[in-house]
Amino acid sequence: MPIRRRVTASAGACAALVLLTTLPLYAQDSVIVIDPDAPFADSAPGGGLPRAVIDEVLRAWNDSTAVRLIGQAEIPAGTTVTGHVAVFRGILQVAGTIDGPVTVINGNAILLPGGRITGGVLVVGGRLVVQEGGVHEGDAREYWDIAPVYRDRDGLLAVREPHNFTDLGTAEASFDLGEVRATVHASTGGTYNRVEGFPLALGPEFAWRPGPSDRLRLDLTGIVRTTTDQAGIRSDFGYRARLDWRNLGEIGFGAGIEAYSIVTAIEEQNLSLAESGWSSILLQRDYHDYYDNQGYGGYLFIEPARQFKVQFSLRRDRERTVRANDPWSLFRNTSTWRSNPLIDDGHFVTGGIDVTLDTRDSRSLPSRGWYARARLEIGSSDDVAPTDLPAGVRGPIPTDGSYEYSLFSLDARRHIRLSPESRLGLRLYGAGWVGGDPLPVQRRQSVGGFDILPGHDFRAVRCASAEDSDPSNASLCDRMAAAQIEFRTRLSLGWRYRLREGERPDLDRIIGIESADLVVFANTGNAWLTGDGPGRVPTNKLPSLDLWKADLGVGVDVGFIAAYLAKSVTNGEPIKFSVRLQRRF
């Protein structure tokens, strides 16, 4: 069968980078289905393609009866190929006839004048071009971006797990106990902080499927804190136990109960605990605050559609102040850690309603879709012991057992695919007091830093009084709001190196960075105190726009790590450099 093919090779622009990092760096994977009217797809781990499409790609290539072609290939005029044709990393040009389906993986398919394909065509990571005079008689599907797959030494395709620096170390092993799947897991808790050091978490998890749609899971995790609390406020040990049941039918629903003794981070925005953990262990800079949290609770949820979820929760916690300790860090170990702020200690009963809409094509690398999460939290305490704050920051908190507050937060994001190479992201975020007594310290807000305003200092707006000298730099605002926009476009770098596999060039493996995203972004945000009086904003209004902070920036994102430069446009702060291990939003 006279099939002409040409396998392309490229060399070592990224060899020096590989030697410097001692890690193989792969091309960034972000994907989106071209059909704007297609139903919303489930998220796929490590990429954005629906899991069904990834499985279809694997089946097509790994089928021993398929005609497999690597690199650029051509079906000449007058030639007929019968059966399934699969092409990996190349351009398929068809001037003859393919009597069967075609799958092109991380490449393009071109149907030339006089060419003919009688079966369906699936192109992943490329485009299908039908020139005038070409005939295609089947269905056609296109996916614009790269499939997260690689060829192993047997020549078969397997899913490639992307590099992930957002986890500081995990290990697990699974085995079956009759109908129960048992998993023993151990991890660092996903972070490193100035209170616990490494919170080593280990224990078993048991999963059981009592019915076709039912899932029952029991997780029993013990926590060992590697930094001892010299003040004796908290234990060196903690735990987390959860029993979760869910029904995965057409309308999903479920419930769970849990008990825990953990150290909880304050003010969760967009800087992950893992990123703060890396900053802590390397540079002795911890960008979260913490409190000791012991309690129990339960939750109920319903999913009327796979993209929509409503959850109700109720818990009772004993929340206590914890001190910063002196864990080790790599490069700035002689400096002093920022102190951990005092909180309002006490037992809190908290009820919450969470409503989530998620139509994104991928949770980790979104290119298209909506994400919106709204939460209303109502808390109360009959034994709160408030810490002293200036009267200009917070009024008195009742200690007669009547303390109650309400907190609302909204995170709305829109991802738009403009072209195969370009994406636009928009985000609105707000959180803060909506009713009742003043918020406790552990629920108060701020803005500034890597999370929302990277062109400004950490907690640039935190509502502290002029005479405040608290070294913890605690968040003290009632409310905050922010808006973010970013434009991403794909850059073809071609920084790759081919690892030769002896006399089998078809088994050569490529490491390096083939592409990256150029990111241009802008952010604005503010945080404030509500109510009447000097320096406060009425409860039914936002601060004047001329008081908002804003910045502009640019960066390069290679998928598992990104570097950004940001500059404030509302004050004279210098350009700030930051490194992120996940998408900004």
# chains A, B, ... in the order shown; residues from 1 in each chain; ligands from 1
call {"tool": "select_by_dssp", "arguments": {"residues": "range 72-160 of chain A", "states": "strand (DSSP E or B)", "output": "ChimeraX atom specification"}}
result
/A:72-75,80-82,85-88,91-94,97-99,102-105,108-111,116-117,121-124,128-130,135-136,140-143,149-151,157-159
call {"tool": "residues_around", "arguments": {"residues": "Tyr405 in chain A", "least_positions_apart": "2", "cutoff": "9 Å", "atoms": "only C-alpha atoms", "output": "list in words"}}
result
Glu377, Ile378, Gly379, Ser380, Tyr403, Leu407, Trp433, Val434, Gly435, Gly436, Asp437, Pro438, Leu439 and Pro440 of chain A
call {"tool": "residues_around", "arguments": {"residues": "Leu565 in chain A", "least_positions_apart": "6", "cutoff": "6 Å", "atoms": "only C-alpha atoms", "output": "ChimeraX atom specification"}}
result
/A:553-554,576-577
call {"tool": "residues_around", "arguments": {"residues": "range 231-243 of chain A", "least_positions_apart": "6", "cutoff": "8 Å", "atoms": "only C-alpha atoms", "output": "number ranges by chain"}}
result
A: 216-225, 256-262, 292, 322-323
call {"tool": "write_last_selection", "arguments": {"atoms": "all heavy atoms", "output": "short mmCIF file (atom, residue, chain, number, x, y, z; two decimals), in the first residue's frame"}}
result
data_model
loop_
_atom_site.label_atom_id
_atom_site.label_comp_id
_atom_site.auth_asym_id
_atom_site.auth_seq_id
_atom_site.Cartn_x
_atom_site.Cartn_y
_atom_site.Cartn_z
N LEU A 216 -21.14 5.26 48.97
CA LEU A 216 -20.95 5.48 50.40
C LEU A 216 -19.46 5.51 50.69
O LEU A 216 -18.73 4.59 50.27
CB LEU A 216 -21.64 4.38 51.20
CG LEU A 216 -21.74 4.60 52.72
CD1 LEU A 216 -22.67 5.78 53.01
CD2 LEU A 216 -22.26 3.33 53.40
N ARG A 217 -19.01 6.54 51.39
CA ARG A 217 -17.58 6.69 51.65
C ARG A 217 -17.35 7.09 53.10
O ARG A 217 -18.02 7.99 53.62
CB ARG A 217 -16.98 7.76 50.73
CG ARG A 217 -15.46 7.87 50.83
CD ARG A 217 -14.93 8.94 49.91
NE ARG A 217 -15.41 10.26 50.32
CZ ARG A 217 -15.07 11.39 49.70
NH1 ARG A 217 -14.29 11.36 48.64
NH2 ARG A 217 -15.52 12.56 50.14
N LEU A 218 -16.39 6.44 53.72
CA LEU A 218 -15.98 6.75 55.08
C LEU A 218 -14.50 7.09 55.06
O LEU A 218 -13.67 6.28 54.64
CB LEU A 218 -16.24 5.56 56.01
CG LEU A 218 -15.72 5.70 57.45
CD1 LEU A 218 -16.41 6.85 58.16
CD2 LEU A 218 -15.88 4.39 58.20
N ASP A 219 -14.17 8.29 55.50
CA ASP A 219 -12.78 8.76 55.52
C ASP A 219 -12.38 9.01 56.97
O ASP A 219 -13.04 9.79 57.69
CB ASP A 219 -12.65 10.04 54.70
CG ASP A 219 -11.22 10.53 54.61
OD1 ASP A 219 -10.30 9.79 55.01
OD2 ASP A 219 -11.00 11.68 54.15
N LEU A 220 -11.31 8.35 57.42
CA LEU A 220 -10.81 8.50 58.78
C LEU A 220 -9.35 8.95 58.69
O LEU A 220 -8.48 8.15 58.33
CB LEU A 220 -10.91 7.18 59.55
CG LEU A 220 -12.32 6.58 59.66
CD1 LEU A 220 -12.23 5.18 60.27
CD2 LEU A 220 -13.24 7.48 60.47
N THR A 221 -9.10 10.20 58.97
CA THR A 221 -7.77 10.77 58.79
C THR A 221 -7.25 11.31 60.11
O THR A 221 -7.92 12.11 60.78
CB THR A 221 -7.79 11.90 57.74
OG1 THR A 221 -8.23 11.38 56.49
CG2 THR A 221 -6.41 12.51 57.58
N GLY A 222 -6.04 10.90 60.47
CA GLY A 222 -5.35 11.48 61.62
C GLY A 222 -4.34 12.50 61.15
O GLY A 222 -3.78 12.39 60.06
N ILE A 223 -4.08 13.51 61.94
CA ILE A 223 -3.18 14.61 61.58
C ILE A 223 -2.10 14.75 62.64
O ILE A 223 -2.40 14.83 63.84
CB ILE A 223 -3.95 15.93 61.44
CG1 ILE A 223 -5.04 15.81 60.37
CG2 ILE A 223 -3.00 17.08 61.11
CD1 ILE A 223 -5.99 17.00 60.32
N VAL A 224 -0.85 14.73 62.20
CA VAL A 224 0.30 14.95 63.08
C VAL A 224 0.96 16.26 62.68
O VAL A 224 1.40 16.41 61.53
CB VAL A 224 1.31 13.79 62.99
CG1 VAL A 224 2.49 14.05 63.92
CG2 VAL A 224 0.65 12.46 63.32
N ARG A 225 1.02 17.19 63.60
CA ARG A 225 1.61 18.50 63.31
C ARG A 225 3.09 18.47 63.66
O ARG A 225 3.46 18.11 64.77
CB ARG A 225 0.87 19.58 64.09
CG ARG A 225 -0.57 19.71 63.61
CD ARG A 225 -1.49 20.38 64.58
NE ARG A 225 -2.85 20.43 64.03
CZ ARG A 225 -3.96 20.26 64.74
NH1 ARG A 225 -3.86 20.01 66.04
NH2 ARG A 225 -5.13 20.31 64.16
N GLY A 256 -24.11 13.99 54.47
CA GLY A 256 -22.90 13.58 55.15
C GLY A 256 -22.83 14.14 56.54
O GLY A 256 -23.49 15.13 56.86
N ILE A 257 -22.04 13.49 57.37
CA ILE A 257 -21.74 13.98 58.71
C ILE A 257 -20.23 13.96 58.88
O ILE A 257 -19.53 13.15 58.25
CB ILE A 257 -22.43 13.15 59.81
CG1 ILE A 257 -22.05 11.67 59.68
CG2 ILE A 257 -23.93 13.34 59.76
CD1 ILE A 257 -22.60 10.80 60.80
N GLU A 258 -19.73 14.84 59.73
CA GLU A 258 -18.29 14.92 59.91
C GLU A 258 -17.96 15.43 61.30
O GLU A 258 -18.76 16.12 61.94
CB GLU A 258 -17.66 15.83 58.85
CG GLU A 258 -18.25 17.23 58.81
CD GLU A 258 -17.69 18.06 57.67
OE1 GLU A 258 -16.66 17.68 57.10
OE2 GLU A 258 -18.29 19.10 57.36
N ALA A 259 -16.76 15.08 61.76
CA ALA A 259 -16.19 15.60 62.99
C ALA A 259 -14.72 15.90 62.72
O ALA A 259 -14.08 15.21 61.92
CB ALA A 259 -16.34 14.58 64.13
N TYR A 260 -14.18 16.91 63.38
CA TYR A 260 -12.84 17.35 63.02
C TYR A 260 -12.19 18.09 64.16
O TYR A 260 -12.84 18.69 65.02
CB TYR A 260 -12.90 18.26 61.78
CG TYR A 260 -14.06 19.23 61.81
CD1 TYR A 260 -13.98 20.42 62.50
CD2 TYR A 260 -15.25 18.91 61.17
CE1 TYR A 260 -15.05 21.29 62.55
CE2 TYR A 260 -16.34 19.77 61.22
CZ TYR A 260 -16.23 20.96 61.90
OH TYR A 260 -17.31 21.81 61.96
N SER A 261 -10.88 18.04 64.16
CA SER A 261 -10.03 18.87 65.00
C SER A 261 -8.88 19.31 64.10
O SER A 261 -7.90 18.57 63.90
CB SER A 261 -9.52 18.10 66.21
OG SER A 261 -8.62 18.89 66.97
N ILE A 262 -9.01 20.49 63.51
CA ILE A 262 -8.10 20.94 62.47
C ILE A 262 -7.70 22.38 62.72
O ILE A 262 -8.31 23.08 63.53
CB ILE A 262 -8.75 20.82 61.07
CG1 ILE A 262 -10.05 21.63 61.02
CG2 ILE A 262 -9.01 19.36 60.70
CD1 ILE A 262 -10.74 21.63 59.67
N ASP A 292 -7.62 27.45 65.52
CA ASP A 292 -7.89 26.06 65.88
C ASP A 292 -9.40 25.82 65.83
O ASP A 292 -10.17 26.59 66.40
CB ASP A 292 -7.35 25.77 67.28
CG ASP A 292 -7.53 24.31 67.67
OD1 ASP A 292 -6.88 23.45 67.05
OD2 ASP A 292 -8.33 24.05 68.59
N VAL A 322 -4.64 30.57 67.78
CA VAL A 322 -3.39 29.80 67.86
C VAL A 322 -2.23 30.73 67.55
O VAL A 322 -2.38 31.70 66.81
CB VAL A 322 -3.40 28.60 66.90
CG1 VAL A 322 -4.32 27.51 67.40
CG2 VAL A 322 -3.77 29.02 65.49
N ARG A 323 -1.10 30.41 68.10
CA ARG A 323 0.09 31.23 67.92
C ARG A 323 0.90 30.75 66.72
O ARG A 323 0.91 29.57 66.39
CB ARG A 323 0.96 31.19 69.16
CG ARG A 323 0.39 31.92 70.36
CD ARG A 323 1.33 31.83 71.53
NE ARG A 323 2.70 32.25 71.18
CZ ARG A 323 3.70 32.27 72.05
NH1 ARG A 323 3.50 31.91 73.31
NH2 ARG A 323 4.90 32.67 71.67
#
call {"tool": "atom_distance", "arguments": {"atom1": "CA of Ile513 in chain A", "atom2": "CA of Leu493 in chain A"}}
result
6.8 Å
call {"tool": "residues_around", "arguments": {"residues": "range 532-538 of chain A", "least_positions_apart": "5", "cutoff": "10 Å", "atoms": "only C-alpha atoms", "output": "NGL selection string"}}
result
:A and (392-393 or 463 or 465 or 478-479 or 543-544)
call {"tool": "residues_around", "arguments": {"residues": "Ile353 in chain A", "least_positions_apart": "6", "cutoff": "9 Å", "atoms": "only C-alpha atoms", "output": "CSV table (one decimal) with N, CA and C atoms, in the first residue's frame"}}
result
chain,number,residue,atom,x,y,z
A,310,VAL,N,-27.1,22.6,45.1
A,310,VAL,CA,-27.5,23.4,46.3
A,310,VAL,C,-27.2,22.6,47.5
A,311,GLN,N,-26.5,23.2,48.4
A,311,GLN,CA,-26.1,22.5,49.6
A,311,GLN,C,-26.4,23.3,50.9
A,312,PHE,N,-26.9,22.5,51.9
A,312,PHE,CA,-27.3,23.1,53.2
A,312,PHE,C,-26.3,22.5,54.2
A,313,SER,N,-25.8,23.3,55.1
A,313,SER,CA,-24.9,22.7,56.1
A,313,SER,C,-25.2,23.4,57.5
A,374,ALA,N,-22.5,31.2,45.2
A,374,ALA,CA,-23.0,32.1,46.2
A,374,ALA,C,-23.2,31.4,47.6
A,375,ARG,N,-22.8,32.0,48.7
A,375,ARG,CA,-22.9,31.4,50.0
A,375,ARG,C,-23.5,32.4,51.0
A,376,LEU,N,-24.4,32.0,51.7
A,376,LEU,CA,-25.0,32.7,52.8
A,376,LEU,C,-24.6,32.0,54.1
A,377,GLU,N,-23.9,32.6,55.0
A,377,GLU,CA,-23.6,32.0,56.3
A,377,GLU,C,-24.2,32.8,57.5
call {"tool": "residues_around", "arguments": {"residues": "range 172-182 of chain A", "least_positions_apart": "4", "cutoff": "6 Å", "atoms": "only C-alpha atoms", "output": "JSON list (two decimals) with C-alpha atoms, in the first residue's frame"}}
result
[["chain", "number", "residue", "atom", "x", "y", "z"],
["A", 205, "GLU", "CA", -10.80, 5.57, 53.31],
["A", 206, "PHE", "CA", -13.51, 3.01, 52.56],
["A", 207, "ALA", "CA", -15.76, 3.23, 49.50],
["A", 208, "TRP", "CA", -18.81, 1.03, 48.94]]
call {"tool": "select_by_dssp", "arguments": {"residues": "range 231-320 of chain A", "states": "helix (DSSP H, G or I)", "output": "JSON list (two decimals) with N, CA and C atoms, in the first residue's frame"}}
result
[["chain", "number", "residue", "atom", "x", "y", "z"],
["A", 273, "LEU", "N", -3.97, 27.21, 49.47],
["A", 273, "LEU", "CA", -3.15, 26.83, 50.60],
["A", 273, "LEU", "C", -1.83, 26.22, 50.14],
["A", 274, "ALA", "N", -1.86, 25.49, 49.02],
["A", 274, "ALA", "CA", -0.62, 24.90, 48.51],
["A", 274, "ALA", "C", 0.37, 25.97, 48.08],
["A", 275, "GLU", "N", -0.10, 27.01, 47.39],
["A", 275, "GLU", "CA", 0.80, 28.08, 46.98],
["A", 275, "GLU", "C", 1.37, 28.81, 48.19],
["A", 276, "SER", "N", 0.52, 29.08, 49.17],
["A", 276, "SER", "CA", 1.03, 29.70, 50.40],
["A", 276, "SER", "C", 2.01, 28.78, 51.10],
["A", 277, "GLY", "N", 1.76, 27.45, 51.01],
["A", 277, "GLY", "CA", 2.68, 26.49, 51.61],
["A", 277, "GLY", "C", 4.05, 26.51, 50.98],
["A", 278, "TRP", "N", 4.09, 26.58, 49.64],
["A", 278, "TRP", "CA", 5.39, 26.67, 48.97],
["A", 278, "TRP", "C", 6.11, 27.96, 49.34],
["A", 279, "SER", "N", 5.37, 29.07, 49.41],
["A", 279, "SER", "CA", 5.98, 30.34, 49.80],
["A", 279, "SER", "C", 6.53, 30.26, 51.22],
["A", 280, "SER", "N", 5.82, 29.54, 52.08],
["A", 280, "SER", "CA", 6.26, 29.42, 53.48],
["A", 280, "SER", "C", 7.53, 28.59, 53.59],
["A", 281, "ILE", "N", 7.55, 27.44, 52.93],
["A", 281, "ILE", "CA", 8.69, 26.55, 53.10],
["A", 281, "ILE", "C", 9.93, 27.07, 52.39],
["A", 282, "LEU", "N", 9.74, 27.87, 51.33],
["A", 282, "LEU", "CA", 10.89, 28.40, 50.60],
["A", 282, "LEU", "C", 11.34, 29.77, 51.12],
["A", 283, "LEU", "N", 10.38, 30.67, 51.36],
["A", 283, "LEU", "CA", 10.71, 32.07, 51.62],
["A", 283, "LEU", "C", 10.26, 32.58, 52.97]]
call {"tool": "atom_distance", "arguments": {"atom1": "CA of Ile75 in chain A", "atom2": "CA of Val159 in chain A"}}
result
28.5 Å
